[in-house]
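Take a look at the structure below.
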Amino acid sequence: MLKDNEKVYFRTEDIVIINDDFLITDLIPEESVDLIVTSPPYNVDIRYESFRDNIPYEKYLEFTEK
């Protein structure tokens, strides 16, 4: 069971919505995910608050491969 955390955005008995970086989060127990909703950077120079969306193509491929 997922413990309370500041990155837990919403919780009901059956649903937990987490706002965290899926590449580094340790909040999700293995084999417990039914659905992931994401909006990854597409490397088209969109202005995000915390991500540079105009990285070199090779770096973008590395990122998306993860």
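Residues in the structure tokens are named by chain (A, B, ... in the order shown) and by number from 1 within that chain; ligands are numbered from 1 in the order shown.
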
Hey, what does DSSP flag as strand (DSSP E or B) within chain A? Can you give it to me as an MDAnalysis selection string?
-> chainID A and resid 8:11 16:18 47 52

Dump of N, CA, C and O atoms for the selected residues, as an mmCIF file, in the first residue's frame:
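Dumped everything to out.cif:
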data_model
loop_
_atom_site.group_PDB
_atom_site.id
_atom_site.type_symbol
_atom_site.label_atom_id
_atom_site.label_comp_id
_atom_site.auth_asym_id
_atom_site.auth_seq_id
_atom_site.Cartn_x
_atom_site.Cartn_y
_atom_site.Cartn_z
ATOM 1 N N VAL A 8 1.353 12.569 -3.465
ATOM 2 C CA VAL A 8 0.056 11.946 -3.697
ATOM 3 C C VAL A 8 -0.942 13.074 -3.919
ATOM 4 O O VAL A 8 -1.236 13.853 -3.025
ATOM 5 N N TYR A 9 -1.432 13.147 -5.144
ATOM 6 C CA TYR A 9 -2.309 14.240 -5.553
ATOM 7 C C TYR A 9 -3.765 13.971 -5.179
ATOM 8 O O TYR A 9 -4.502 14.881 -4.825
ATOM 9 N N PHE A 10 -4.173 12.713 -5.249
ATOM 10 C CA PHE A 10 -5.562 12.334 -5.000
ATOM 11 C C PHE A 10 -5.591 10.899 -4.522
ATOM 12 O O PHE A 10 -4.803 10.081 -4.967
ATOM 13 N N ARG A 11 -6.525 10.608 -3.605
ATOM 14 C CA ARG A 11 -6.634 9.236 -3.101
ATOM 15 C C ARG A 11 -8.078 8.920 -2.730
ATOM 16 O O ARG A 11 -8.762 9.719 -2.118
ATOM 17 N N VAL A 16 -5.276 5.960 -6.516
ATOM 18 C CA VAL A 16 -4.259 6.892 -6.032
ATOM 19 C C VAL A 16 -3.647 7.561 -7.251
ATOM 20 O O VAL A 16 -3.207 6.893 -8.184
ATOM 21 N N ILE A 17 -3.635 8.886 -7.242
ATOM 22 C CA ILE A 17 -2.996 9.646 -8.312
ATOM 23 C C ILE A 17 -1.754 10.297 -7.725
ATOM 24 O O ILE A 17 -1.825 11.022 -6.731
ATOM 25 N N ILE A 18 -0.605 10.015 -8.361
ATOM 26 C CA ILE A 18 0.684 10.500 -7.885
ATOM 27 C C ILE A 18 1.243 11.484 -8.905
ATOM 28 O O ILE A 18 1.239 11.212 -10.102
ATOM 29 N N ARG A 47 7.714 25.189 -23.787
ATOM 30 C CA ARG A 47 8.250 25.768 -22.549
ATOM 31 C C ARG A 47 7.613 25.100 -21.327
ATOM 32 O O ARG A 47 6.493 25.403 -20.963
ATOM 33 N N ARG A 52 13.867 21.273 -20.263
ATOM 34 C CA ARG A 52 14.247 21.941 -21.502
ATOM 35 C C ARG A 52 13.818 21.055 -22.664
ATOM 36 O O ARG A 52 14.356 19.973 -22.855
#

Determine which residues of chain A receive a DSSP assignment of alpha helix (DSSP H), computed from the backbone, and state them as number ranges by chain.
-> A: 57-65

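Of the residues listed (A:Ile46, A:Asp53, A:Leu61, A:Lys7), A:Lys7 shows the shortest atom-to-atom separation from Asp26 in chain A; distances use only C-alpha atoms.
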
What is the CA of Pro29 in chain A-CA of Lys59 in chain A distance in Å, reported with one decimal?
-> 28.7 Å

All residues 10 Å or closer to Thr38 in chain A, only C-alpha atoms, same chain fewer than 3 positions away omitted, as a list in words =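 Counting only C-alpha atoms, the residues come to Phe22, Leu35 and Pro41 of chain A.
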
Write out the residues from the selection above, keeping N, CA, C and O atoms, as a compact mmCIF listing (two decimals), in the first residue's frame.
# COMPACT_ATOMS: atom_id res chain seq x y z
N PHE A 22 8.27 9.60 -13.05
CA PHE A 22 8.19 8.13 -13.09
C PHE A 22 9.55 7.47 -13.27
O PHE A 22 9.70 6.29 -13.00
N LEU A 35 -2.66 1.85 -14.76
CA LEU A 35 -2.74 2.88 -15.79
C LEU A 35 -1.74 3.98 -15.50
O LEU A 35 -1.58 4.38 -14.34
N PRO A 41 7.82 15.10 -22.76
CA PRO A 41 8.37 16.12 -23.66
C PRO A 41 8.50 15.53 -25.07
O PRO A 41 8.86 14.37 -25.22

Correct to one decimal, the distance CA of Glu6 in chain A-CA of Thr64 in chain A is 26.5 Å

Residue contacts of Ile28 in chain A (12 Å, only C-alpha atoms) excluding same-chain residues fewer than 3 positions away, as a ChimeraX atom specification | /A:1-5,7-8,16-25,31-34,36

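Our summary of the geometry notes that CA of Tyr60 in chain A is positioned 8.4 Å from CA of Tyr42 in chain A.
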